[in-house]
Structure formats: structure tokens, C-alpha cells
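Engineer: For reference, the file query.txt (compact mmCIF, C-alpha atoms) is included below:
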# COMPACT_ATOMS: atom_id res chain seq x y z
CA MET A 21 68.05 95.41 72.92
CA ILE A 22 64.63 94.23 71.76
CA LEU A 23 65.17 91.00 73.71
CA ALA A 24 65.96 92.96 76.88
CA VAL A 25 62.87 95.18 76.46
CA THR A 26 60.59 92.20 75.86
CA LEU A 27 62.10 90.31 78.77
CA SER A 28 61.77 93.35 81.05
CA ARG A 29 58.10 93.71 80.18
CA TYR A 30 57.51 90.04 80.86
CA ILE A 31 59.29 90.13 84.23
CA ALA A 32 57.54 93.37 85.18
CA ARG A 33 54.14 91.82 84.40
CA GLN A 34 54.94 88.73 86.48
CA PHE A 35 56.23 90.93 89.30
CA VAL A 36 53.15 93.19 89.40
CA LEU A 37 50.74 90.24 89.35
CA SER A 38 52.65 88.52 92.15
CA VAL A 39 52.76 91.68 94.27
CA LEU A 40 49.06 92.43 93.79
CA SER A 41 48.14 88.84 94.68
CA MET A 42 50.29 88.98 97.80
CA LEU A 43 48.87 92.40 98.76
CA ALA A 44 45.30 91.14 98.42
CA SER A 45 46.07 87.98 100.42
CA LEU A 46 47.87 89.74 103.28
CA THR A 47 45.30 92.54 103.46
CA GLY A 48 42.49 89.98 103.57
CA ILE A 49 44.13 88.12 106.46
CA VAL A 50 44.75 91.29 108.47
CA CYS A 51 41.21 92.57 107.82
CA LEU A 52 39.79 89.24 108.98
CA PHE A 53 41.60 89.55 112.33
CA ASP A 54 40.50 93.19 112.56
CA PHE A 55 36.87 92.17 111.96
CA ILE A 56 37.11 89.46 114.65
CA ASP A 57 38.54 92.01 117.10
CA LEU A 58 35.70 94.43 116.34
CA LEU A 59 33.16 91.65 116.91
CA ARG A 60 34.78 90.95 120.28
CA ARG A 61 34.47 94.62 121.25
CA VAL A 62 30.86 94.89 120.10
CA ALA A 63 29.86 91.73 122.01
CA THR A 64 29.39 93.83 125.17
CA LYS A 65 27.22 96.39 123.34
CA PRO A 66 23.97 94.67 122.29
CA ASP A 67 22.54 97.93 120.96
CA VAL A 68 25.24 98.13 118.23
CA SER A 69 24.44 96.15 115.08
CA THR A 70 26.87 94.01 113.13
CA ASN A 71 26.44 96.33 110.15
CA VAL A 72 28.36 99.03 112.03
CA VAL A 73 31.22 96.60 112.67
CA THR A 74 31.25 95.56 109.02
CA LYS A 75 31.35 99.19 107.90
CA ILE A 76 34.23 100.02 110.25
CA ALA A 77 36.18 96.97 109.07
CA ALA A 78 35.58 97.91 105.43
CA LEU A 79 36.78 101.47 106.06
CA HIS A 80 40.03 100.06 107.49
CA ILE A 81 40.95 98.22 104.28
CA PRO A 82 42.92 101.03 102.52
CA TYR A 83 44.78 101.79 105.76
CA PHE A 84 45.89 98.18 106.18
CA SER A 85 46.84 97.91 102.51
CA MET A 86 49.14 100.94 102.93
CA GLU A 87 50.74 99.39 106.01
CA ILE A 88 51.25 96.04 104.29
CA LEU A 89 52.43 97.36 100.90
CA PRO A 90 56.22 97.12 101.55
CA PHE A 91 55.88 93.53 102.78
CA ALA A 92 53.64 92.64 99.84
CA ILE A 93 56.33 93.91 97.48
CA LEU A 94 59.01 91.96 99.37
CA LEU A 95 57.11 88.65 99.52
CA GLY A 96 55.57 89.05 96.07
CA GLY A 97 59.01 89.83 94.62
CA ILE A 98 60.56 86.80 96.32
CA VAL A 99 57.85 84.51 94.94
CA CYS A 100 58.14 86.04 91.46
CA PHE A 101 61.95 85.89 91.16
CA TRP A 102 62.12 82.44 92.74
CA ARG A 103 59.61 81.06 90.19
CA LEU A 104 61.53 82.64 87.30
CA THR A 105 64.80 81.22 88.64
CA ARG A 106 63.33 77.75 89.26
CA SER A 107 61.98 77.63 85.69
CA SER A 108 65.47 78.68 84.47
CA GLU A 109 64.07 81.75 82.69
CA LEU A 110 66.41 84.15 84.51
CA ILE A 111 69.33 81.74 84.12
CA VAL A 112 68.82 81.60 80.34
CA ALA A 113 68.46 85.38 80.20
CA ARG A 114 71.72 85.92 82.04
CA ALA A 115 73.45 83.30 79.86
CA SER A 116 72.33 85.22 76.76
CA GLY A 117 74.15 88.33 77.96
CA VAL A 118 71.36 90.18 79.76
CA SER A 119 72.64 91.38 83.14
CA ALA A 120 70.57 91.32 86.32
CA TRP A 121 70.57 95.12 86.36
CA GLN A 122 68.83 95.20 82.97
CA PHE A 123 65.92 92.90 83.74
CA LEU A 124 65.56 94.23 87.30
CA THR A 125 65.09 97.81 86.14
CA ALA A 126 61.46 97.28 85.12
CA PRO A 127 60.35 95.55 88.39
CA VAL A 128 62.08 98.21 90.48
CA ILE A 129 60.39 100.97 88.45
CA CYS A 130 57.05 99.19 88.90
CA ALA A 131 57.65 98.97 92.66
CA PHE A 132 58.59 102.67 92.76
CA ILE A 133 55.43 103.61 90.83
CA THR A 134 53.34 101.43 93.15
CA GLY A 135 54.78 103.23 96.16
CA ALA A 136 54.18 106.62 94.51
CA ILE A 137 50.56 105.69 93.78
CA GLY A 138 50.20 104.63 97.40
CA THR A 139 51.57 107.97 98.61
CA MET A 140 49.71 110.28 96.24
CA LEU A 141 46.40 108.48 95.62
CA VAL A 142 45.79 105.69 98.13
CA SER A 143 47.00 107.73 101.12
CA PRO A 144 44.29 110.44 100.76
CA LEU A 145 41.63 107.74 100.34
CA SER A 146 43.02 105.79 103.29
CA SER A 147 43.09 108.88 105.55
CA MET A 148 39.52 109.86 104.64
CA MET A 149 38.12 106.36 105.24
CA TYR A 150 40.18 105.86 108.39
CA ARG A 151 38.85 109.15 109.78
CA GLN A 152 35.28 107.96 109.13
CA ALA A 153 36.08 104.65 110.84
CA GLU A 154 37.47 106.50 113.87
CA GLN A 155 34.30 108.58 114.09
CA LEU A 156 32.11 105.46 114.00
CA ASP A 157 34.37 103.76 116.53
CA GLN A 158 34.14 106.78 118.82
CA GLN A 159 30.38 106.96 118.44
CA TYR A 160 29.46 103.30 118.91
CA LEU A 161 32.31 101.36 120.51
CA ARG A 162 34.36 103.62 122.74
CA THR A 163 33.48 104.99 126.12
CA GLY A 164 34.86 107.99 127.95
CA GLY A 165 35.59 111.50 126.74
CA GLY A 166 33.99 112.97 123.68
CA PRO A 167 35.71 113.87 120.44
CA LEU A 168 38.08 116.79 120.08
CA ASN A 169 38.86 118.48 116.79
CA PHE A 170 41.57 120.99 115.95
CA SER A 171 41.51 122.51 112.48
CA SER A 172 42.03 125.89 110.82
CA GLY A 173 43.38 127.18 114.12
CA SER A 174 40.11 126.61 116.03
CA LEU A 175 39.25 124.07 118.70
CA TRP A 176 36.03 122.05 119.04
CA LEU A 177 35.52 119.99 122.17
CA ARG A 178 32.71 117.89 123.58
CA GLN A 179 32.93 116.93 127.28
CA SER A 180 30.73 115.98 130.21
CA ASP A 181 29.14 118.78 132.27
CA THR A 182 27.51 117.69 135.53
CA GLN A 183 27.05 121.10 137.19
CA ASN A 184 23.49 121.57 135.89
CA ASP A 185 22.60 118.02 134.80
CA ALA A 186 24.02 114.72 136.06
CA HIS A 187 24.33 113.52 132.46
CA GLY A 188 24.81 116.89 130.78
CA ILE A 189 27.42 117.76 128.18
CA ALA A 190 29.27 120.94 127.22
CA ILE A 191 30.37 121.81 123.69
CA LEU A 192 33.28 124.27 123.66
CA HIS A 193 34.45 126.19 120.60
CA ALA A 194 37.54 128.41 120.64
CA GLN A 195 38.37 130.49 117.57
CA GLY A 196 42.06 130.64 118.51
CA VAL A 197 44.35 128.23 120.36
CA GLN A 198 47.94 128.71 121.46
CA LEU A 199 50.34 126.93 123.79
CA LYS A 200 52.61 129.34 125.68
CA ASP A 201 55.00 128.26 128.43
CA GLY A 202 53.05 125.04 128.91
CA VAL A 203 49.70 126.82 129.30
CA LEU A 204 46.93 126.22 126.75
CA GLN A 205 45.34 129.58 125.95
CA ILE A 206 42.10 129.99 124.01
CA GLN A 207 40.44 133.04 122.44
CA GLY A 208 36.92 133.74 121.23
CA VAL A 209 35.33 131.09 123.42
CA THR A 210 31.75 129.87 123.11
CA VAL A 211 30.35 127.12 125.37
CA LEU A 212 26.96 125.45 124.88
CA ARG A 213 25.77 123.61 128.00
CA LEU A 214 23.23 120.91 127.11
CA SER A 215 21.09 118.50 129.11
CA GLN A 216 20.96 114.75 128.57
CA GLN A 217 18.10 115.33 126.09
CA ASP A 218 20.31 117.81 124.13
CA THR A 219 18.21 120.81 125.20
CA LEU A 220 20.07 124.06 125.75
CA ILE A 221 20.61 124.97 129.43
CA SER A 222 22.83 128.00 128.93
CA ARG A 223 25.40 129.58 126.65
CA ILE A 224 28.70 131.10 127.76
CA ASP A 225 30.74 133.60 125.74
CA ALA A 226 34.19 134.76 126.75
CA PRO A 227 36.90 136.67 124.87
CA SER A 228 39.71 134.55 126.32
CA GLY A 229 40.55 131.76 128.72
CA TYR A 230 43.06 129.05 129.52
CA LEU A 231 43.22 125.43 130.67
CA ALA A 232 43.85 125.37 134.41
CA LYS A 233 44.17 122.27 136.59
CA GLY A 234 40.84 120.48 136.38
CA ALA A 235 38.94 123.33 134.72
CA TRP A 236 38.71 125.77 131.85
CA ALA A 237 39.25 129.26 133.27
CA LEU A 238 37.24 131.82 131.26
CA ASP A 239 37.92 135.54 131.63
CA GLY A 240 35.29 138.26 131.08
CA ALA A 241 32.58 135.67 130.52
CA PHE A 242 28.93 136.36 129.75
CA THR A 243 26.17 133.81 130.22
CA VAL A 244 22.66 133.63 128.82
CA ARG A 245 19.81 131.19 129.44
CA PRO A 246 16.83 130.53 127.17
CA ASP A 247 14.34 133.42 127.29
CA GLU A 248 16.68 135.47 129.47
CA VAL A 249 18.92 138.48 128.91
CA GLN A 250 22.68 138.03 128.70
CA SER A 251 24.38 138.76 132.03
CA PRO A 252 28.08 139.28 132.85
CA VAL A 253 29.80 136.68 135.02
CA GLY A 254 33.43 137.79 134.88
CA HIS A 255 35.92 135.06 135.72
CA MET A 256 34.43 131.56 135.84
CA LEU A 257 35.59 127.94 135.90
CA LEU A 258 34.20 125.14 133.72
CA PRO A 259 35.24 121.75 135.18
CA THR A 260 37.08 119.37 132.83
CA ASP A 261 39.24 116.26 133.10
CA LEU A 262 41.46 117.34 130.22
CA THR A 263 45.15 118.18 130.50
CA VAL A 264 47.48 119.80 127.97
CA ASP A 265 48.96 116.37 127.16
CA ARG A 266 45.53 114.86 126.58
CA VAL A 267 44.51 117.76 124.35
CA GLU A 268 47.70 117.40 122.34
CA GLU A 269 47.24 113.63 121.99
CA SER A 270 43.63 114.14 120.88
CA PHE A 271 44.55 116.24 117.87
CA ALA A 272 44.02 114.65 114.49
CA SER A 273 46.02 111.45 114.19
CA PRO A 274 48.57 111.53 111.35
CA ASP A 275 46.81 108.49 109.86
CA THR A 276 43.62 110.53 109.37
CA LEU A 277 45.39 113.21 107.30
CA SER A 278 46.36 112.79 103.66
CA VAL A 279 49.83 113.57 102.39
CA TRP A 280 48.40 116.74 100.81
CA ALA A 281 46.88 118.01 104.07
CA LEU A 282 49.82 117.23 106.36
CA PRO A 283 52.07 120.23 105.49
CA SER A 284 49.40 122.81 106.32
CA PHE A 285 48.40 120.97 109.52
CA ILE A 286 52.06 120.74 110.58
CA SER A 287 52.42 124.49 110.00
CA LEU A 288 49.24 125.10 112.04
CA LEU A 289 50.54 123.04 114.97
CA GLU A 290 53.88 124.83 114.97
CA ARG A 291 52.24 128.26 114.82
CA SER A 292 50.07 127.30 117.80
CA GLY A 293 53.05 126.09 119.80
CA PHE A 294 52.19 122.35 119.76
CA SER A 295 54.59 119.55 118.91
CA SER A 296 54.36 118.37 115.30
CA ILE A 297 56.90 115.54 115.52
CA ARG A 298 54.37 112.73 114.94
CA HIS A 299 52.91 114.45 111.89
CA ARG A 300 56.29 115.38 110.39
CA LEU A 301 57.51 111.82 110.88
CA HIS A 302 54.41 110.40 109.18
CA PHE A 303 54.77 112.89 106.31
CA GLN A 304 58.41 111.93 105.72
CA SER A 305 57.47 108.22 105.88
CA LEU A 306 54.91 108.75 103.13
CA LEU A 307 57.50 110.57 101.02
CA ALA A 308 59.96 107.71 101.55
CA LEU A 309 57.43 105.02 100.62
CA PRO A 310 58.29 104.90 96.86
CA ILE A 311 62.01 104.47 97.67
CA LEU A 312 61.15 101.84 100.29
CA ALA A 313 59.03 99.97 97.72
CA GLY A 314 61.93 99.94 95.23
CA THR A 315 64.28 98.82 98.01
CA MET A 316 62.02 95.89 98.87
CA ALA A 317 62.02 94.83 95.21
CA LEU A 318 65.83 94.82 95.18
CA VAL A 319 65.99 92.93 98.48
CA ALA A 320 63.59 90.33 97.07
CA ALA A 321 65.73 89.92 93.95
CA GLY A 322 68.96 89.67 95.90
CA PHE A 323 67.67 86.85 98.11
CA SER A 324 65.74 84.81 95.53
CA MET A 325 67.71 84.78 92.26
CA ARG A 326 70.25 82.20 93.36
CA PRO A 327 70.21 79.19 90.97
CA SER A 328 68.62 76.06 92.42
CA ARG A 329 71.65 73.95 91.62
CA HIS A 330 73.65 75.85 94.23
CA GLY A 331 71.31 74.54 96.91
CA GLY A 332 70.09 76.32 100.00
CA VAL A 333 67.15 77.94 98.22
CA ALA A 334 64.86 77.66 101.23
CA LYS A 335 67.55 79.18 103.42
CA MET A 336 68.07 82.00 100.92
CA ILE A 337 64.36 82.83 100.70
CA GLY A 338 64.03 82.62 104.48
CA SER A 339 66.95 85.03 104.78
CA GLY A 340 65.14 87.43 102.45
CA VAL A 341 62.00 87.35 104.59
CA ALA A 342 64.12 87.79 107.73
CA ALA A 343 65.94 90.75 106.16
CA GLY A 344 62.60 92.37 105.33
CA PHE A 345 61.31 91.99 108.87
CA LEU A 346 64.65 93.21 110.23
CA LEU A 347 64.29 96.33 108.09
CA PHE A 348 60.75 96.74 109.48
CA THR A 349 62.04 96.41 113.05
CA VAL A 350 64.80 98.95 112.44
CA SER A 351 62.29 101.38 110.92
CA LYS A 352 59.98 101.05 113.96
CA VAL A 353 62.88 101.59 116.37
CA ALA A 354 63.95 104.66 114.38
CA GLU A 355 60.32 105.85 114.44
CA GLN A 356 60.24 105.65 118.24
CA PHE A 357 63.52 107.56 118.44
CA GLY A 358 61.99 110.15 116.10
CA LYS A 359 58.82 110.50 118.21
CA SER A 360 60.90 110.96 121.35
CA GLY A 361 62.91 113.71 119.69
CA ALA A 362 66.20 111.79 119.85
CA LEU A 363 66.38 111.76 116.03
CA PRO A 364 65.18 114.36 113.52
CA PRO A 365 61.99 113.15 111.77
CA ILE A 366 63.69 113.21 108.36
CA LEU A 367 66.53 110.97 109.58
CA ALA A 368 64.15 108.64 111.44
CA ALA A 369 62.01 108.16 108.32
CA TRP A 370 64.71 107.95 105.66
CA ALA A 371 67.65 106.23 107.40
CA PRO A 372 66.15 102.67 107.50
CA THR A 373 65.06 102.96 103.85
CA LEU A 374 68.46 104.14 102.66
CA ALA A 375 70.22 101.50 104.79
CA GLY A 376 68.05 98.79 103.22
CA LEU A 377 68.78 100.18 99.76
CA CYS A 378 72.53 99.98 100.39
CA LEU A 379 72.15 96.39 101.65
CA ALA A 380 70.15 95.36 98.56
CA ILE A 381 72.60 96.97 96.11
CA ALA A 382 75.59 95.37 97.89
CA LEU A 383 73.90 91.96 97.77
CA LEU A 384 73.11 92.27 94.06
CA LEU A 385 76.66 93.43 93.28
CA HIS A 386 77.97 90.34 95.05
CA LEU A 387 75.47 88.11 93.24
CA GLU A 388 76.06 89.59 89.79
CA ASP A 389 79.75 90.48 89.82
CA GLY A 390 81.03 88.14 92.49
Before anything else, please render the file you have as C-alpha cells.

Structural biologist:
Amino acid sequence: MILAVTLSRYIARQFVLSVLSMLASLTGIVCLFDFIDLLRRVATKPDVSTNVVTKIAALHIPYFSMEILPFAILLGGIVCFWRLTRSSELIVARASGVSAWQFLTAPVICAFITGAIGTMLVSPLSSMMYRQAEQLDQQYLRTGGGPLNFSSGSLWLRQSDTQNDAHGIAILHAQGVQLKDGVLQIQGVTVLRLSQQDTLISRIDAPSGYLAKGAWALDGAFTVRPDEVQSPVGHMLLPTDLTVDRVEESFASPDTLSVWALPSFISLLERSGFSSIRHRLHFQSLLALPILAGTMALVAAGFSMRPSRHGGVAKMIGSGVAAGFLLFTVSKVAEQFGKSGALPPILAAWAPTLAGLCLAIALLLHLEDG
């Protein structure tokens, strides 16, 4: 029993070091390509400094590490178990009566804990930094419409407004938002119309309104200009290029919300009548991450613990990598089915993970018990 505990600790330490090394290597490679892509985009904007690009790339690091984590566990596990098998350490352990299930328990637990840490701790950090990166990207690198924010049931929108100034902007705030029968309705509306120099041209207040084709339709509106008295306007139109689909797509990306904030945001979307499929799918994927991490550890063990004397080691390791990428492909296909509504978000997020877990357990049963 003491031998098994000592051996488990040793294998767990080797596994964690291998996974962390692989995670750092893969994240570094992906971040390098991301930095090169940002440099390409900033090449056409001479007024944007390289420091902004560097900051955006640095803010992307936790996000990429979360995306790469399952593959880091798979590849790191394959390297770890293959080294232990090649040095005959696992062979001697199994010959001494220690089963594969005993010495694999610790690495699988470590993988599960790593996934749980990613979900509970790294995910909030990743979402916060990714949101900051998106804001910098929107401010310095992107062109087109301004940012839109939907939180606590209220809507903030910044759009172009050329009625009074060729380069003017309008900032719209609605205290309540609801989608009914395909029509976006807003309540407690305030619009600030600004010039290119950000000086106030006029302010519009309206108790309600809705998004019509090519314009915001405001009912019972009042307008006031600087140094003037508020005057009633009644029904008025504020031109916009937004549609209901574009508004819905502009809501906070699931990647910018932590696992702790997603349930309340999902509830807010559903109360307002908007689709929450993307956010529910992302939430379930984060919940499934610890199980997926443990599954990857088992897949790595199943494809890399074959003794070298049996031959075909390279083929076995290649099969493990292929199985991991196949599982990734299946998960992405299931994700697309989930986003389209063909599959429930829970099934789309959990089915590939559970299928991979069954594959890994079946492979280890065949390896251990024949």
C-alpha cells in the first residue's frame, strides 16, 4: 500500500510537470501567431503603437490557455506515460502487483483538479482580461459600428448620427429592453446626440420606443438643446443601421463572462426574450471541463502505456493524438448543433466528453485485463 502511494505521488508529479510544460509551450506558440496577426492588422493603422498590440496579445494569454488545456493534458500525458513506459518504470510497477487503475488514479485526479481550477479560477480571470482585450481591439483596431452593452436589464449603445453633424455620434441608453414577437422594445430611453468634437447637440428623452426598419422609433419624446427649454416632439425616428439580429449578436460574448456571472446573464437574456443558447452552451462546457480533463488523461494513458517490446509505439502515440483531435472535432460539431438548436445545450456540451470517457475506459480495460 505504501509502495502504491509513493508510486502514485511520483507519477502524479511527473504528469503535472509534463502537462504544465506542454501547456506553456502550446500557449506560447498560439500567442506568437496571435501577436503576428495583430501586427498585421495594425500595419494599416500608423497611429496605433506597438504597445497596444502587445497589451492585447498579453490579455489573450489566459483565454488561449483555457482553450488549449485539454490538448495540453492529452499531449503532456502521452509524453509522461510514454517516458515512464520506455524507462520500464510502469512495467516494473505492474509486475510488482500494482494495477494500472491504482497508479492512474493520482494523474486523473490531478487532471480533474486542473480542470476545476481552470473553470473556477482561471475562467473568471480569462473572461475579465479577454473583455479588456476586446475593448482595446474595438477602440484601436476595428472599424464600423460602436460598442453595445447589455447588462442589468439596460441597454447602452453608441452609433453614428449624421442628421446634425456629418461625423456626429448618438449615445442611447434604455433602462428596459424586451423582445416581443420579433420586435425589440425599449423603455426609459435617453439619447445624447454629440458632434465630432464630443460637444452636446441635443438630448432626447422618451418613455418608450422600438427598433423599426432602419431607425429607432421613439414615442412621446422630448428634446432639449443647450441653453434651451425642453420641448415635446411626440413620435420621432432616430436613424440606425442596427437590426434585431445584430443587436442580439452584439450582446456580451460568452467568452467575456466568467462562470460565476453566466447564470445571472442567462436568466436576464431569457427574461428579456433573447436567445441564451450560446451562453448556456458555454456555461455547460465550463462545467464539463474537469471531466474532459480527466478523460484526456485516461486517453493519454490508454494510448501510451503499451510496452516498447510489442512494437508500434509511434503508431500507438499517433493514434492517441488522432483520438484527441477526433474528440475535439466531435465536440465542435456538437457545439454547432447546440448553437443551431438541434441539440439541447447540456447534451451538446456533455455528450462528446462522456463519449471520450467511455472510449478511454474501454481502451484501458482492454489494455489491463485483455

Engineer: Do a neighbour search on Lys335 in chain A at 10 Å with all atoms listed in the file, toss out local chain neighbours closer than 5 positions, and write the hits as a PyMOL selection string.

Structural biologist: chain A and resi 323-324+340-341

Engineer: Quick one: everything within 6 Å of Pro310 in chain A, counting all atoms listed in the file, minus sequence neighbours fewer than 5 positions away in the same chain. Send it as a PyMOL selection string.

Structural biologist: chain A and resi 132+135-136

Engineer: Write the residues you've just listed into a file as a PDB file, in the frame of the given file, and include C-alpha atoms for each of them.

Structural biologist:
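Generated file (selection36.pdb):
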ATOM      1  CA  PHE A 132      58.590 102.670  92.760  1.00  0.00           C
ATOM      2  CA  GLY A 135      54.780 103.230  96.160  1.00  0.00           C
ATOM      3  CA  ALA A 136      54.180 106.620  94.510  1.00  0.00           C
TER       4      ALA A 136
END

Engineer: With a cut-off of 12 Å, could you pull out the residues of range 36-129 of chain A touching range 348-364 of chain A and give me the nearest pair of atoms for each, distance in Å to one decimal, using all atoms listed in the file, ordered by chain and ascending number, as a Markdown table?

Structural biologist:
| residue | atom | partner | partner_atom | distance |
| --- | --- | --- | --- | --- |
| A:Glu87 | CA | A:Phe348 | CA | 10.9 |
| A:Ile88 | CA | A:Phe348 | CA | 10.8 |
| A:Leu89 | CA | A:Phe348 | CA | 12.0 |
| A:Pro90 | CA | A:Phe348 | CA | 9.1 |
| A:Phe91 | CA | A:Phe348 | CA | 8.9 |
| A:Leu94 | CA | A:Phe348 | CA | 11.3 |

Engineer: Can you spit out the residues from that selection as a PDB file, in the coordinates of the input, using C-alpha atoms?

Structural biologist:
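The resulting file, part.pdb, is reproduced below:
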ATOM      1  CA  GLU A  87      50.740  99.390 106.010  1.00  0.00           C
ATOM      2  CA  ILE A  88      51.250  96.040 104.290  1.00  0.00           C
ATOM      3  CA  LEU A  89      52.430  97.360 100.900  1.00  0.00           C
ATOM      4  CA  PRO A  90      56.220  97.120 101.550  1.00  0.00           C
ATOM      5  CA  PHE A  91      55.880  93.530 102.780  1.00  0.00           C
ATOM      6  CA  LEU A  94      59.010  91.960  99.370  1.00  0.00           C
TER       7      LEU A  94
END

Engineer: Would you mind listing what lies within 6 Å of Ile206 in chain A as a ChimeraX atom specification, with all atoms listed in the file counted and same-chain residues fewer than 4 positions away left out?

Structural biologist: /A:194,196-197,228-230

Engineer: Kindly save the residues from that selection, with C-alpha atoms included, as a PDB file, keeping the file's coordinate frame.

Structural biologist:
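After the write, result_21.pdb holds the following:
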ATOM      1  CA  ALA A 194      37.540 128.410 120.640  1.00  0.00           C
ATOM      2  CA  GLY A 196      42.060 130.640 118.510  1.00  0.00           C
ATOM      3  CA  VAL A 197      44.350 128.230 120.360  1.00  0.00           C
ATOM      4  CA  SER A 228      39.710 134.550 126.320  1.00  0.00           C
ATOM      5  CA  GLY A 229      40.550 131.760 128.720  1.00  0.00           C
ATOM      6  CA  TYR A 230      43.060 129.050 129.520  1.00  0.00           C
TER       7      TYR A 230
END

Engineer: Using only C-alpha atoms, which of A:Ala226, A:Ala321, A:Ile56, A:Ile337 sits nearest Leu385 in chain A?

Structural biologist: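 For Leu385 in chain A, the nearest of the given residues is A:Ala321.
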
Engineer: Between CA of Asp54 in chain A and CA of Arg300 in chain A, measure the distance and give it in Å to one decimal.

Structural biologist: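 Taking CA of Asp54 in chain A and CA of Arg300 in chain A, their separation equals 27.3 Å.
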
Engineer: Might you pull out every residue within 12 Å of Asn71 in chain A, with only C-alpha atoms counted and same-chain residues fewer than 6 positions away left off, and present them as a short mmCIF file (atom, residue, chain, number, x, y, z; two decimals) with C-alpha atoms, in the coordinates of the input?

Structural biologist:
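part29.cif, written as the output of this step:
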data_model
loop_
_atom_site.label_atom_id
_atom_site.label_comp_id
_atom_site.auth_asym_id
_atom_site.auth_seq_id
_atom_site.Cartn_x
_atom_site.Cartn_y
_atom_site.Cartn_z
CA PHE A 55 36.87 92.17 111.96
CA LEU A 58 35.70 94.43 116.34
CA LEU A 59 33.16 91.65 116.91
CA VAL A 62 30.86 94.89 120.10
CA ALA A 77 36.18 96.97 109.07
CA ALA A 78 35.58 97.91 105.43
CA LEU A 156 32.11 105.46 114.00
CA TYR A 160 29.46 103.30 118.91
#

Engineer: Let me make sure I understand: among A:Val118, A:Ala113, A:Ile129, A:Met86, which one has the smallest atom-to-atom distance to Arg33 in chain A if we use only C-alpha atoms?

Structural biologist: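 Selected residue with least distance to Arg33 in chain A: A:Ile129.
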
Engineer: Looking at A:Trp102, A:Leu110, A:Trp370, A:Leu177, which one is nearest to Gln195 in chain A, with distances taken over all atoms listed in the file?

Structural biologist: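 Between A:Trp102, A:Leu110, A:Trp370, A:Leu177, the residue approaching Gln195 in chain A most closely is A:Leu177.
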
Engineer: Kindly indicate which residue among A:Leu306, A:Val128, A:Ser278, A:Leu262 lies nearest to Ala380 in chain A, using all atoms listed in the file for the distances.

Structural biologist: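 With all atoms listed in the file as the atom set, the closest residue is A:Val128.
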
Engineer: Looking at all atoms listed in the file, which of A:Leu104, A:Cys130, A:Leu204, A:Ala120 is the one that sits closest to Asp265 in chain A?

Structural biologist: A:Leu204

Engineer: Set the distance at 7 Å and use only C-alpha atoms: which residues neighbour Thr243 in chain A once local chain neighbours fewer than 6 positions away are removed? I'd like the list as a PyMOL selection string.

Structural biologist: chain A and resi 222-225+250-253

Engineer: Using only C-alpha atoms, collect all residues at a distance of at most 12 Å from (59.7, 79.0, 92.7) as written in the file, then present them as JSON, numbers by chain.

Structural biologist: {"A": [38, 96, 97, 98, 99, 100, 101, 102, 103, 104, 105, 106, 107, 108, 109, 110, 324, 325, 326, 327, 328, 333, 334, 337]}

Engineer: Can you measure CA of Met149 in chain A to CA of Val36 in chain A for me? One decimal in Å is fine.

Structural biologist: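 Going from CA of Met149 in chain A over to CA of Val36 in chain A covers 25.5 Å.
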
Engineer: Starting from 4 Å padding per side, set up an axis-aligned box that covers all listed atoms of range 354-370 of chain A and hand over centre and edge lengths in Å, one decimal, as JSON.

Structural biologist:
{"center_x": 62.7, "center_y": 109.5, "center_z": 113.5, "size_x": 15.7, "size_y": 17.7, "size_z": 23.7}

Engineer: Would you work out the distance separating CA of Leu309 in chain A from CA of Thr139 in chain A, expressed in Å to one decimal?

Structural biologist: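 Going from CA of Leu309 in chain A over to CA of Thr139 in chain A, I get 6.9 Å.
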
Engineer: Within 12 Å of (21.8, 122.3, 135.3) (coordinates as in the file), grab all the protein and nucleic acid residues, counting all atoms listed in the file, and write them out as a list in words.

Structural biologist: Asp181, Thr182, Gln183, Asn184, Asp185, Ala186, His187, Gly188, Ile189, Ala190, Arg213, Leu214, Ser215, Gln216, Thr219, Leu220, Ile221, Ser222, Arg223 and Arg245 of chain A

Engineer: So, with only C-alpha atoms as the atoms that count, which of A:Arg298, A:Met256, A:Ala320, A:Pro227 lies closest to Gly338 in chain A?

Structural biologist: A:Ala320
